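Peer 1: Got a file for you: protein24.txt, compact mmCIF, C-alpha atoms.
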# COMPACT_ATOMS: atom_id res chain seq x y z
CA MET A 15 126.01 32.85 -77.81
CA ARG A 16 122.63 33.87 -76.53
CA THR A 17 121.51 33.01 -73.05
CA PHE A 18 117.70 32.62 -72.16
CA LEU A 19 116.25 33.22 -68.67
CA LEU A 20 113.39 30.80 -67.74
CA ILE A 21 110.75 32.31 -65.33
CA PRO A 22 108.29 29.85 -63.63
CA TRP A 23 104.60 30.36 -64.70
CA ILE A 24 103.11 27.03 -63.83
CA TRP A 25 100.74 28.58 -61.22
CA SER A 26 99.11 30.61 -63.92
CA CYS A 27 98.29 27.50 -65.89
CA GLN A 28 96.54 25.75 -63.01
CA ASP A 29 92.95 24.48 -63.66
CA PRO A 30 90.65 26.86 -61.74
CA SER A 31 88.12 24.09 -61.09
CA THR A 32 90.43 22.17 -58.84
CA THR A 33 90.96 22.97 -55.18
CA SER A 34 93.35 21.89 -52.62
CA PRO A 35 92.33 19.59 -49.74
CA ALA A 36 92.37 22.57 -47.43
CA ASP A 37 89.92 24.40 -49.67
CA GLU A 38 87.52 21.36 -49.72
CA SER A 39 87.41 21.24 -45.93
CA GLU A 40 86.62 24.91 -45.77
CA ASP A 41 83.73 24.60 -48.27
CA ALA A 42 82.23 21.65 -46.39
CA GLU A 43 82.00 23.61 -43.21
CA GLU A 44 80.05 26.33 -44.94
CA GLN A 45 77.19 24.03 -46.31
CA PRO A 46 74.11 23.81 -43.86
CA GLU A 47 72.89 20.37 -42.69
CA ILE A 48 69.26 19.25 -43.43
CA PRO A 49 67.58 18.36 -40.03
CA GLN A 50 65.68 15.02 -39.64
CA ARG A 51 61.96 15.30 -38.53
CA ALA A 52 60.98 13.20 -35.53
CA PRO A 53 58.61 10.31 -36.36
CA PRO A 54 55.01 10.35 -35.02
CA ASP A 55 54.83 9.62 -31.32
CA ILE A 56 51.43 8.91 -29.74
CA ALA A 57 50.53 9.80 -26.19
CA VAL A 58 47.16 8.63 -24.74
CA ILE A 59 45.87 10.49 -21.70
CA GLY A 60 43.03 9.04 -19.63
CA GLU A 61 41.71 5.63 -18.61
CA LEU A 62 38.69 3.43 -19.28
CA ASP A 63 37.67 2.31 -15.79
CA PHE A 64 33.87 2.60 -15.80
CA GLY A 65 33.24 1.19 -12.34
CA GLY A 66 29.71 -0.06 -11.63
CA VAL A 67 27.08 0.81 -14.24
CA PRO A 68 23.46 -0.44 -13.96
CA LYS A 69 22.68 -3.09 -16.57
CA GLY A 70 21.33 -1.46 -19.72
CA CYS A 71 22.56 2.02 -18.80
CA THR A 72 25.43 3.87 -20.47
CA GLU A 73 28.51 5.53 -19.00
CA THR A 74 30.98 7.58 -21.08
CA ARG A 75 34.73 8.02 -20.74
CA THR A 76 37.05 10.24 -22.80
CA LEU A 77 40.63 9.61 -23.96
CA SER A 78 42.88 12.39 -25.23
CA ILE A 79 45.30 11.51 -28.07
CA GLU A 80 48.34 13.68 -28.72
CA ASN A 81 51.03 13.47 -31.42
CA ARG A 82 54.29 14.33 -29.66
CA GLY A 83 56.32 13.69 -32.78
CA GLU A 84 56.81 15.90 -35.79
CA GLU A 85 55.71 13.69 -38.66
CA PRO A 86 51.90 13.35 -39.05
CA LEU A 87 50.26 10.67 -36.90
CA GLN A 88 47.71 8.50 -38.73
CA ILE A 89 45.07 6.68 -36.66
CA GLU A 90 44.38 3.58 -38.72
CA SER A 91 41.77 1.87 -36.53
CA ILE A 92 40.21 1.88 -33.05
CA THR A 93 38.50 -1.33 -31.92
CA ALA A 94 37.41 -3.08 -28.74
CA VAL A 95 39.02 -6.50 -28.36
CA GLY A 96 38.00 -9.34 -26.06
CA ASN A 97 34.92 -10.69 -24.28
CA GLY A 98 32.62 -7.77 -23.68
CA ALA A 99 33.55 -5.83 -26.81
CA SER A 100 29.87 -5.65 -27.76
CA THR A 101 29.20 -3.45 -24.73
CA ILE A 102 31.41 -0.68 -26.16
CA ASN A 103 30.53 2.06 -28.62
CA ILE A 104 33.48 4.12 -29.90
CA PHE A 105 33.29 7.67 -31.25
CA SER A 106 36.57 8.15 -33.12
CA PRO A 107 38.34 11.47 -33.59
CA PHE A 108 36.96 13.75 -36.27
CA ASN A 109 40.35 13.82 -38.00
CA ASN A 110 42.33 10.59 -38.31
CA PHE A 111 45.53 12.57 -39.07
CA LEU A 112 47.21 14.58 -36.31
CA ALA A 113 50.05 16.94 -37.15
CA GLY A 114 52.93 17.27 -34.73
CA GLY A 115 51.73 18.70 -31.44
CA GLU A 116 48.02 18.30 -32.29
CA GLN A 117 45.44 16.64 -29.98
CA ASP A 118 42.02 15.05 -30.39
CA VAL A 119 39.65 12.97 -28.25
CA ILE A 120 38.02 9.57 -28.35
CA GLU A 121 34.67 9.05 -26.58
CA VAL A 122 33.93 5.52 -25.39
CA ASP A 123 30.45 4.44 -24.20
CA PHE A 124 30.06 1.38 -21.96
CA THR A 125 26.61 -0.27 -21.75
CA PRO A 126 26.71 -3.52 -19.75
CA SER A 127 24.24 -6.11 -20.98
CA GLY A 128 24.42 -8.34 -17.93
CA TRP A 129 25.22 -8.42 -14.24
CA LEU A 130 28.85 -9.27 -14.96
CA SER A 131 32.39 -8.01 -14.43
CA TYR A 132 34.01 -6.95 -17.71
CA SER A 133 37.72 -6.76 -18.55
CA PHE A 134 39.01 -6.35 -22.11
CA ASP A 135 40.96 -3.82 -24.20
CA LEU A 136 40.74 -0.91 -26.60
CA LEU A 137 43.22 -1.33 -29.48
CA ILE A 138 44.48 1.78 -31.32
CA GLU A 139 46.50 1.07 -34.47
CA ILE A 140 48.70 3.91 -35.78
CA ASN A 141 51.67 4.61 -38.08
CA ASP A 142 54.15 5.06 -35.21
CA PRO A 143 57.15 2.91 -36.28
CA ASP A 144 58.19 2.27 -32.69
CA GLU A 145 54.70 1.63 -31.30
CA PRO A 146 52.22 0.67 -34.04
CA GLN A 147 49.66 -0.65 -31.51
CA VAL A 148 48.46 0.92 -28.28
CA TRP A 149 46.42 -1.21 -25.86
CA ILE A 150 44.16 0.55 -23.33
CA PRO A 151 42.58 -1.65 -20.59
CA ILE A 152 38.78 -1.47 -20.24
CA VAL A 153 37.16 -2.51 -16.96
CA GLY A 154 33.58 -2.16 -15.75
CA GLU A 155 30.77 -3.98 -14.04
CA GLY A 156 27.08 -4.48 -14.76
CA GLU A 157 25.47 -3.34 -11.54
CA ARG A 158 22.41 -5.10 -10.14
CA LEU A 159 19.81 -3.01 -8.33
CA GLU A 160 18.40 -4.17 -5.03
CA PRO A 161 15.26 -6.36 -5.34
CA ILE A 162 11.92 -4.76 -4.52
CA THR A 163 8.59 -6.22 -3.43
CA GLU A 164 5.21 -5.10 -4.70
CA GLU A 165 2.03 -6.06 -2.85
CA PHE A 166 -1.43 -6.52 -4.36
CA VAL A 167 -4.89 -7.33 -3.05
CA VAL A 168 -7.14 -8.96 -5.64
CA SER A 169 -10.25 -6.83 -5.72
CA VAL A 170 -13.55 -6.56 -7.58
CA SER A 171 -16.00 -3.75 -8.13
CA GLU A 172 -18.00 -2.48 -5.18
CA SER A 173 -20.72 -0.99 -7.40
CA LEU A 174 -21.24 -2.14 -10.99
CA ASP A 175 -23.58 -1.60 -13.95
CA VAL A 176 -23.53 -4.47 -16.45
CA LEU A 177 -24.91 -3.88 -19.96
CA TRP A 178 -25.37 -6.88 -22.24
CA VAL A 179 -25.35 -6.22 -26.00
CA VAL A 180 -26.79 -9.38 -27.55
CA GLY A 181 -26.50 -10.16 -31.25
CA ASN A 182 -29.41 -11.16 -33.46
CA SER A 183 -27.39 -13.29 -35.86
CA GLY A 184 -27.95 -17.00 -36.26
CA PRO A 185 -24.75 -18.14 -34.46
CA SER A 186 -25.39 -15.81 -31.54
CA LEU A 187 -28.97 -17.01 -31.07
CA SER A 188 -27.85 -20.63 -31.24
CA TYR A 189 -25.28 -20.16 -28.48
CA LEU A 190 -27.80 -18.12 -26.50
CA GLU A 191 -30.33 -20.92 -26.55
CA ASP A 192 -27.84 -23.63 -25.59
CA TYR A 193 -25.98 -21.75 -22.85
CA GLN A 194 -28.58 -19.42 -21.39
CA GLU A 195 -28.13 -20.91 -17.92
CA ASN A 196 -24.39 -20.23 -18.06
CA LEU A 197 -24.95 -16.65 -19.17
CA THR A 198 -27.45 -15.87 -16.41
CA GLY A 199 -24.86 -17.22 -13.95
CA ILE A 200 -23.43 -13.70 -13.92
CA VAL A 201 -26.03 -13.01 -11.20
CA ASP A 202 -24.45 -15.61 -8.89
CA VAL A 203 -20.98 -14.13 -9.40
CA LEU A 204 -22.25 -10.63 -8.67
CA ASP A 205 -24.03 -11.76 -5.49
CA ALA A 206 -21.06 -13.86 -4.33
CA GLN A 207 -18.86 -10.76 -4.30
CA ALA A 208 -21.46 -8.68 -2.45
CA ILE A 209 -21.53 -6.12 -5.24
CA ASP A 210 -24.13 -3.39 -5.55
CA TRP A 211 -25.12 -4.28 -9.11
CA GLN A 212 -27.51 -3.51 -11.97
CA VAL A 213 -27.97 -5.45 -15.21
CA ALA A 214 -29.67 -4.36 -18.44
CA VAL A 215 -29.96 -6.03 -21.85
CA LEU A 216 -29.68 -4.39 -25.26
CA SER A 217 -30.23 -6.00 -28.68
CA THR A 218 -28.21 -5.28 -31.82
CA ASP A 219 -31.56 -5.09 -33.66
CA THR A 220 -31.70 -1.53 -35.06
CA SER A 221 -35.52 -1.58 -34.99
CA GLU A 222 -35.37 -1.52 -31.19
CA SER A 223 -33.56 1.87 -31.39
CA GLY A 224 -31.23 1.26 -28.45
CA ARG A 225 -34.05 0.53 -25.98
CA PHE A 226 -33.40 -1.84 -23.11
CA ARG A 227 -35.25 -5.12 -23.59
CA GLY A 228 -36.84 -4.97 -20.17
CA PRO A 229 -36.64 -3.35 -16.78
CA ILE A 230 -33.28 -2.83 -15.09
CA ILE A 231 -32.47 -5.86 -12.93
CA ARG A 232 -30.98 -4.89 -9.57
CA SER A 233 -29.26 -6.70 -6.72
CA GLY A 234 -31.86 -7.91 -4.26
CA ALA A 235 -34.50 -8.57 -6.96
CA PRO A 236 -36.77 -11.57 -6.08
CA ASP A 237 -35.80 -13.75 -9.08
CA PRO A 238 -32.98 -12.12 -11.04
CA HIS A 239 -32.11 -15.29 -12.99
CA SER A 240 -35.57 -15.53 -14.52
CA MET A 241 -35.71 -11.80 -15.21
CA LEU A 242 -32.40 -11.93 -17.10
CA ALA A 243 -33.35 -15.12 -18.96
CA GLN A 244 -36.63 -13.55 -20.09
CA GLN A 245 -34.82 -10.55 -21.57
CA LEU A 246 -32.32 -12.79 -23.35
CA GLU A 247 -35.16 -14.78 -24.92
CA GLY A 248 -37.41 -13.80 -27.79
CA LEU A 249 -34.72 -12.52 -30.13
CA THR A 250 -35.20 -13.32 -33.80
CA PRO A 251 -32.58 -13.39 -36.56
CA ARG A 252 -32.12 -10.00 -38.19
CA SER A 253 -30.04 -8.89 -41.15
CA ASP A 254 -30.00 -5.25 -40.11
CA GLU A 255 -28.24 -5.59 -36.76
CA ASP A 256 -25.82 -2.87 -35.73
CA GLY A 257 -24.39 -3.23 -32.25
CA PHE A 258 -22.34 -0.04 -32.48
CA ASP A 259 -25.34 2.11 -33.32
CA THR A 260 -27.68 0.62 -30.75
CA LEU A 261 -25.06 0.88 -28.01
CA ALA A 262 -24.27 4.50 -28.87
CA THR A 263 -27.99 5.34 -28.83
CA ALA A 264 -28.44 3.66 -25.44
CA LEU A 265 -25.45 5.48 -23.97
CA LEU A 266 -26.50 8.90 -25.23
CA ASN A 267 -30.24 8.51 -24.66
CA PRO A 268 -30.85 5.81 -22.05
CA SER A 269 -34.38 4.47 -22.31
CA ARG A 270 -34.52 3.83 -18.56
CA PRO A 271 -33.02 6.49 -16.28
CA GLY A 272 -30.79 5.47 -13.41
CA PHE A 273 -28.75 2.79 -15.14
CA PHE A 274 -25.47 4.57 -15.91
CA ARG A 275 -24.59 5.58 -12.37
CA GLU A 276 -21.66 7.97 -11.98
CA SER A 277 -20.64 6.23 -8.76
CA ALA A 278 -20.56 2.76 -10.35
CA ASP A 279 -18.15 0.96 -12.65
CA LEU A 280 -19.50 0.02 -16.08
CA ALA A 281 -18.98 -3.28 -17.89
CA VAL A 282 -20.31 -3.71 -21.45
CA ILE A 283 -20.57 -7.32 -22.64
CA PHE A 284 -20.96 -7.99 -26.35
CA PHE A 285 -22.43 -11.44 -27.02
CA ALA A 286 -22.30 -11.25 -30.78
CA GLU A 287 -20.35 -11.82 -33.94
CA ASP A 288 -17.39 -9.56 -34.59
CA GLU A 289 -18.92 -7.87 -37.63
CA GLN A 290 -20.96 -4.96 -36.31
CA GLY A 291 -20.62 -2.36 -39.03
CA GLY A 292 -22.17 0.98 -38.22
CA ASP A 293 -20.52 4.12 -36.94
CA ALA A 294 -17.54 3.10 -34.86
CA ASN A 295 -16.82 6.72 -33.98
CA GLY A 296 -20.29 7.10 -32.50
CA VAL A 297 -19.92 4.31 -29.98
CA THR A 298 -16.34 5.28 -29.17
CA ASP A 299 -17.34 8.89 -28.55
CA ALA A 300 -20.32 7.81 -26.49
CA LEU A 301 -18.21 5.56 -24.26
CA SER A 302 -15.48 8.17 -23.95
CA GLY A 303 -18.09 10.78 -23.10
CA LEU A 304 -18.94 8.91 -19.91
CA GLY A 305 -15.70 10.23 -18.44
CA ARG A 306 -14.53 6.80 -17.33
CA ASP A 307 -11.03 5.33 -17.52
CA ALA A 308 -9.52 1.85 -17.35
CA SER A 309 -10.23 1.65 -13.65
CA ASN A 310 -14.02 1.88 -14.02
CA LEU A 311 -14.97 1.09 -17.62
CA TRP A 312 -14.29 -2.05 -19.61
CA VAL A 313 -15.76 -3.77 -22.67
CA LEU A 314 -15.84 -7.54 -23.11
CA GLY A 315 -16.42 -9.67 -26.16
CA LEU A 316 -17.97 -13.13 -26.15
CA MET A 317 -17.58 -13.73 -29.87
CA THR A 318 -19.88 -16.16 -31.59
CA GLY A 319 -18.35 -15.88 -35.07
CA ASP A 320 -15.05 -15.53 -36.89
CA PRO A 321 -13.32 -12.51 -35.28
CA PHE A 322 -11.66 -11.70 -38.58
CA ASN A 323 -14.86 -11.84 -40.62
CA ASP A 324 -15.41 -8.09 -40.52
CA LEU A 325 -17.41 -7.45 -43.68
CA PHE A 326 -18.97 -4.07 -43.00
CA SER A 327 -16.49 -1.95 -41.10
CA MET A 328 -12.78 -1.31 -40.77
CA TYR A 329 -13.37 -1.12 -37.01
CA SER A 330 -14.36 -4.44 -35.45
CA LEU A 331 -15.76 -5.52 -32.12
CA ASP A 332 -12.30 -6.88 -31.37
CA ASP A 333 -10.90 -3.35 -31.85
CA LEU A 334 -13.52 -1.83 -29.57
CA VAL A 335 -12.74 -4.30 -26.81
CA LYS A 336 -9.01 -3.55 -27.02
CA ASP A 337 -9.60 0.20 -27.01
CA PHE A 338 -11.60 -0.04 -23.80
CA HIS A 339 -9.32 -2.25 -21.72
CA GLY A 340 -11.28 -5.44 -22.09
CA GLU A 341 -10.86 -9.05 -23.07
CA VAL A 342 -12.11 -11.23 -25.90
CA TRP A 343 -13.24 -14.84 -25.73
CA GLU A 344 -13.79 -16.62 -29.03
CA LEU A 345 -16.40 -19.14 -27.94
CA GLU A 346 -15.52 -22.73 -28.75
CA ASP A 347 -17.55 -25.88 -28.24
CA GLY A 348 -16.12 -27.88 -25.35
CA HIS A 349 -14.69 -24.77 -23.64
CA LEU A 350 -17.76 -22.57 -23.35
CA HIS A 351 -18.40 -23.24 -19.66
CA THR A 352 -14.88 -22.20 -18.69
CA GLN A 353 -14.85 -19.25 -21.07
CA ILE A 354 -18.13 -17.86 -19.76
CA GLU A 355 -16.99 -18.30 -16.14
CA GLU A 356 -13.80 -16.38 -16.91
CA ALA A 357 -15.84 -13.66 -18.61
CA HIS A 358 -18.12 -13.36 -15.57
CA LEU A 359 -15.13 -12.88 -13.28
CA PHE A 360 -13.66 -10.28 -15.63
CA THR A 361 -17.04 -8.53 -15.71
CA VAL A 362 -17.07 -7.98 -11.95
CA GLY A 363 -13.59 -6.45 -12.07
CA TYR A 364 -11.50 -9.51 -11.25
CA ARG A 365 -8.15 -9.64 -13.04
CA SER A 366 -5.88 -12.68 -13.00
CA MET A 367 -2.87 -10.41 -13.43
CA CYS A 368 -0.82 -7.98 -11.39
CA SER A 369 0.65 -5.00 -13.22
CA LEU A 370 4.07 -4.04 -11.90
CA SER A 371 4.97 -0.40 -11.32
CA GLU A 372 8.63 -1.00 -12.22
CA GLN A 373 9.98 -2.77 -15.29
CA LEU A 374 11.12 -6.29 -14.50
CA ALA A 375 14.81 -6.77 -15.33
CA SER A 376 15.07 -10.56 -15.23
CA LEU A 377 12.93 -13.63 -14.59
CA ASP A 378 15.77 -15.40 -12.82
CA ASP A 379 15.08 -14.03 -9.35
CA VAL A 380 11.32 -13.41 -9.37
CA THR A 381 9.33 -14.88 -6.49
CA VAL A 382 5.53 -14.82 -6.37
CA THR A 383 3.34 -15.71 -3.42
CA ILE A 384 -0.43 -15.78 -2.86
CA ASN A 385 -1.43 -15.50 0.78
CA GLU A 386 2.27 -16.20 1.56
CA GLU A 387 2.23 -19.48 -0.38
CA PRO A 388 4.88 -19.66 -3.15
CA ILE A 389 3.56 -20.03 -6.71
CA PRO A 390 5.66 -21.79 -9.39
CA GLN A 391 6.42 -20.24 -12.74
CA GLY A 392 4.60 -21.89 -15.66
CA LEU A 393 1.43 -22.02 -17.72
CA LYS A 394 -0.01 -24.94 -15.78
CA ASP A 395 -1.27 -23.74 -12.40
CA GLY A 396 1.45 -21.12 -12.16
CA TRP A 397 2.44 -17.63 -13.25
CA THR A 398 4.00 -16.16 -16.37
CA TYR A 399 5.32 -12.72 -17.24
CA ASP A 400 3.76 -10.55 -19.95
CA SER A 401 6.52 -8.18 -21.08
CA ALA A 402 4.13 -6.07 -23.18
CA GLU A 403 1.96 -5.36 -20.13
CA ASN A 404 4.81 -5.64 -17.59
CA ALA A 405 2.50 -7.85 -15.56
CA ILE A 406 2.41 -11.19 -13.77
CA LEU A 407 -0.34 -13.43 -15.16
CA PHE A 408 -1.86 -16.32 -13.22
CA HIS A 409 -3.14 -19.56 -14.76
CA GLY A 410 -5.34 -22.47 -13.76
CA ASP A 411 -5.51 -23.25 -10.06
CA ALA A 412 -2.92 -20.55 -9.35
CA ARG A 413 -5.42 -17.78 -10.07
CA PRO A 414 -5.97 -15.95 -6.79
CA GLU A 415 -9.43 -15.61 -5.32
CA PRO A 416 -10.91 -12.13 -4.86
CA GLY A 417 -9.53 -10.71 -1.65
CA ALA A 418 -6.29 -12.70 -1.82
CA SER A 419 -2.94 -11.05 -1.06
CA VAL A 420 -0.33 -11.31 -3.80
CA SER A 421 3.36 -10.53 -3.34
CA VAL A 422 5.87 -10.18 -6.20
CA THR A 423 9.59 -9.74 -5.45
CA PHE A 424 11.89 -8.94 -8.37
CA THR A 425 14.90 -6.95 -9.54
CA PRO A 426 13.78 -3.81 -11.36
CA GLU A 427 15.40 -2.38 -14.44
CA ALA A 428 17.48 0.71 -13.79
CA ASP A 429 16.08 4.10 -14.65
CA CYS A 430 18.96 5.34 -16.79
CA GLY A 431 17.55 8.83 -16.95
Show how you would write the structure in this file as structure tokens.

Peer 2:
Amino acid sequence: MRTFLLIPWIWSCQDPSTTSPADESEDAEEQPEIPQRAPPDIAVIGELDFGGVPKGCTETRTLSIENRGEEPLQIESITAVGNGASTINIFSPFNNFLAGGEQDVIEVDFTPSGWLSYSFDLLIEINDPDEPQVWIPIVGEGERLEPITEEFVVSVSESLDVLWVVGNSGPSLSYLEDYQENLTGIVDVLDAQAIDWQVAVLSTDTSESGRFRGPIIRSGAPDPHSMLAQQLEGLTPRSDEDGFDTLATALLNPSRPGFFRESADLAVIFFAEDEQGGDANGVTDALSGLGRDASNLWVLGLMTGDPFNDLFSMYSLDDLVKDFHGEVWELEDGHLHTQIEEAHLFTVGYRSMCSLSEQLASLDDVTVTINEEPIPQGLKDGWTYDSAENAILFHGDARPEPGASVSVTFTPEADCG
């Protein structure tokens, strides 16, 4: 009988892909863990307390933004929120994405539009899961400057040459005939102000070649009204009138020496239609060549026709008057007496306005007095403000007399530099 010996071999038949629990634990310890990146984390450094800023001026503050996380920080929006948001101008970061550890800045301008206290917020919206919105308080105040007072004395010329340039057109001659007495009243205004004056008359008739129509009339003459009336008379309608040319000729080659005095102011009064034609540059150069400025040279227009009916030149009488610091009256029936009186006062240097040296910030606290008497604001016997001229204008019975003292107290606009 044969006997067989059985030797165990089961271990050699084991599946090599299987491991024991102990082996699995050992493998797990050997595999590295994948670290988790920290989410974006915003930090805002700085504050938006602007303090007092003069109204209309701008103050700038800067905020620093830092991403203290590891994931990129996205700045989705930056806005001002609340009453006063319109006073803020925001300059956002150049890059709206900040990597971990990166910084950038926000510039914020504050320009108060009123004398008010402001309190609102800057809202920064980001992709921070824990803090998607950051609110930064904004505070500031529109600062009011201290009121100032400017004093004026209404003055007129001490020495004045008055040159009339009278049109030869039909409308001009008609007005001249009907209102000659009013026009010669300039003599009374000149004498009433004790001015050292001279008056000469020039026609727009080119055939007269810029010659004065008579002798120079001077203060102290025996009958100046009649002398002026005589020179205003005798004009006949002409189709070849050219006020620019005749005035330029008279300025450059005066027919009677001694009229254009260097020590005297000069007032040129056009009593004519607007359409003058001719060489505008010639009369402009001639007037400019006198070396005068707004303080001692002015041109007036008493217009007897449509001021927009400029058929012959791109440069009108209206333009000339504006270029040389004057005033225009478009003569109207029913108002001629008043218009001519106003023109006479303007001629002698009287101005029913006071030009302020500082820009006026508000009408709310302006006070105006004439000889210490308060004057109300308004078009009827009061004052108004001309923003283009930065001047106080007087109307009706509120117009100060020559020699009167005018006081204007107001809050000036800040010089923001």

Peer 1: Have a look at A:Ala264, A:Leu87, A:Leu159, A:Val148 and name the one nearest to Leu177 (chain A); count all atoms listed in the file.

Peer 2: A:Ala264

Peer 1: What lies within 6 Å of Pro54 (chain A) using all atoms listed in the file, ignoring chain neighbours under 4 positions off, as a PyMOL selection string?

Peer 2: chain A and resi 83-87+142

Peer 1: Could you list, as a list in words, every residue within 6 Å of region 224-232 of chain A, counting only C-alpha atoms and ignoring same-chain residues fewer than 4 positions away?

Peer 2: Trp211, Gln212, Val213, Ala214, Val215, Leu216, Gln245, Thr260, Thr263, Ala264 and Ser269 of chain A

Peer 1: Would you mind telling me which residue in A:Val95, A:Leu370, A:Ala300, A:Ile89 lies nearest to Ala402 (chain A) when using only C-alpha atoms?

Peer 2: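 Comparing A:Val95, A:Leu370, A:Ala300, A:Ile89 against Ala402 (chain A), the winner is A:Leu370.
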
Peer 1: In Å, with one decimal, what is the gap from CA of Asn109 (chain A) to CA of Gln88 (chain A)?

Peer 2: 9.1 Å

Peer 1: Rounded to one decimal place, report the CA of Asp135 (chain A)-CA of Asp123 (chain A) distance in Å.

Peer 2: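 CA of Asp123 (chain A) lies at a distance of 13.4 Å from CA of Asp135 (chain A).
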
Peer 1: I'd like to know which of A:Asp307, A:Glu372, A:Asp299, A:Asp256 is closest to Ser330 (chain A), using only C-alpha atoms.

Peer 2: A:Asp256

Peer 1: Point out the residue among A:Leu301, A:Leu316, A:Leu280, A:Ile92 with the least atom-to-atom distance to Leu265 (chain A), counting only C-alpha atoms.

Peer 2: A:Leu301

Peer 1: Please identify every residue of region 161-182 of chain A that has at least one atom no farther than 12 Å from an atom of region 351-360 of chain A, counting all atoms listed in the file, and for each give the shortest atom pair and the distance in Å to one decimal, arranged by chain then increasing number, as a Markdown table.

Peer 2:
| residue | atom | partner | partner_atom | distance |
| --- | --- | --- | --- | --- |
| A:Val168 | CA | A:Leu359 | CA | 11.7 |
| A:Ser169 | CA | A:Leu359 | CA | 10.8 |
| A:Val170 | CA | A:Leu359 | CA | 8.7 |
| A:Ser171 | CA | A:Phe360 | CA | 10.2 |
| A:Val176 | CA | A:His358 | CA | 10.4 |
| A:Trp178 | CA | A:His358 | CA | 11.8 |

Peer 1: In terms of the shortest atom-to-atom distance over all atoms listed in the file, which of A:Val282, A:Met317, A:Ala235, A:Leu62 is closest to Val153 (chain A)?

Peer 2: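 The answer is A:Leu62, which sits nearest to Val153 (chain A).
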
Peer 1: Take CA of Ser233 (chain A) and CA of Val362 (chain A) and report the distance between them in Å, one decimal.

Peer 2: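 Result for CA of Ser233 (chain A) versus CA of Val362 (chain A): 13.3 Å, one decimal.
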
Peer 1: Got a sec: who's within 8 Å of Ile120 (chain A), counting all atoms listed in the file, leaving out chain neighbours fewer than 2 positions off, as an mmCIF file with C-alpha atoms, keeping the file's coordinate frame?

Peer 2:
data_model
loop_
_atom_site.group_PDB
_atom_site.id
_atom_site.type_symbol
_atom_site.label_atom_id
_atom_site.label_comp_id
_atom_site.auth_asym_id
_atom_site.auth_seq_id
_atom_site.Cartn_x
_atom_site.Cartn_y
_atom_site.Cartn_z
ATOM 1 C CA THR A 76 37.050 10.240 -22.800
ATOM 2 C CA LEU A 77 40.630 9.610 -23.960
ATOM 3 C CA SER A 78 42.880 12.390 -25.230
ATOM 4 C CA ILE A 79 45.300 11.510 -28.070
ATOM 5 C CA ILE A 104 33.480 4.120 -29.900
ATOM 6 C CA PHE A 105 33.290 7.670 -31.250
ATOM 7 C CA SER A 106 36.570 8.150 -33.120
ATOM 8 C CA PRO A 107 38.340 11.470 -33.590
ATOM 9 C CA ASP A 118 42.020 15.050 -30.390
ATOM 10 C CA VAL A 122 33.930 5.520 -25.390
#

Peer 1: If I wrap all listed atoms of region 166-170 of chain A in a box with edges along x, y and z and add 5 Å on each side, what are its centre and edge lengths in Å to one decimal, as JSON?

Peer 2:
{"center_x": -7.5, "center_y": -7.7, "center_z": -5.3, "size_x": 22.1, "size_y": 12.4, "size_z": 14.5}

Peer 1: Which residues are near Cys368 (chain A)? Cut-off 8 Å, only C-alpha atoms, ignore same chain within fewer than 3 positions. Put them as a list in words.

Peer 2: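 Listed by chain and then number, they are Phe166, Arg365, Ala405, Ile406 and Leu407 of chain A.
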
Peer 1: Anything within 12 Å of (32.7, 0.6, -14.9): list those residues as a PyMOL selection string, counting only C-alpha atoms and sticking to the file's coordinates.

Peer 2: chain A and resi 61-69+71-75+101-102+122-126+129-134+151-157

Peer 1: Go through A:Leu204, A:Ala262, A:Ile59, A:Ile162 and flag the residue nearest Leu374 (chain A), using only C-alpha atoms for the distances.

Peer 2: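 Closest candidate: A:Ile162.
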
Peer 1: If we count all atoms listed in the file, what is near Asp337 (chain A) at a cut-off of 10 Å, once residues fewer than 2 positions away on the same chain are taken out, given as a list in words?

Peer 2: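 That gives Thr298, Ala308, Trp312, Val313, Leu331, Asp332, Asp333, Leu334, Val335, His339 and Gly340 of chain A.
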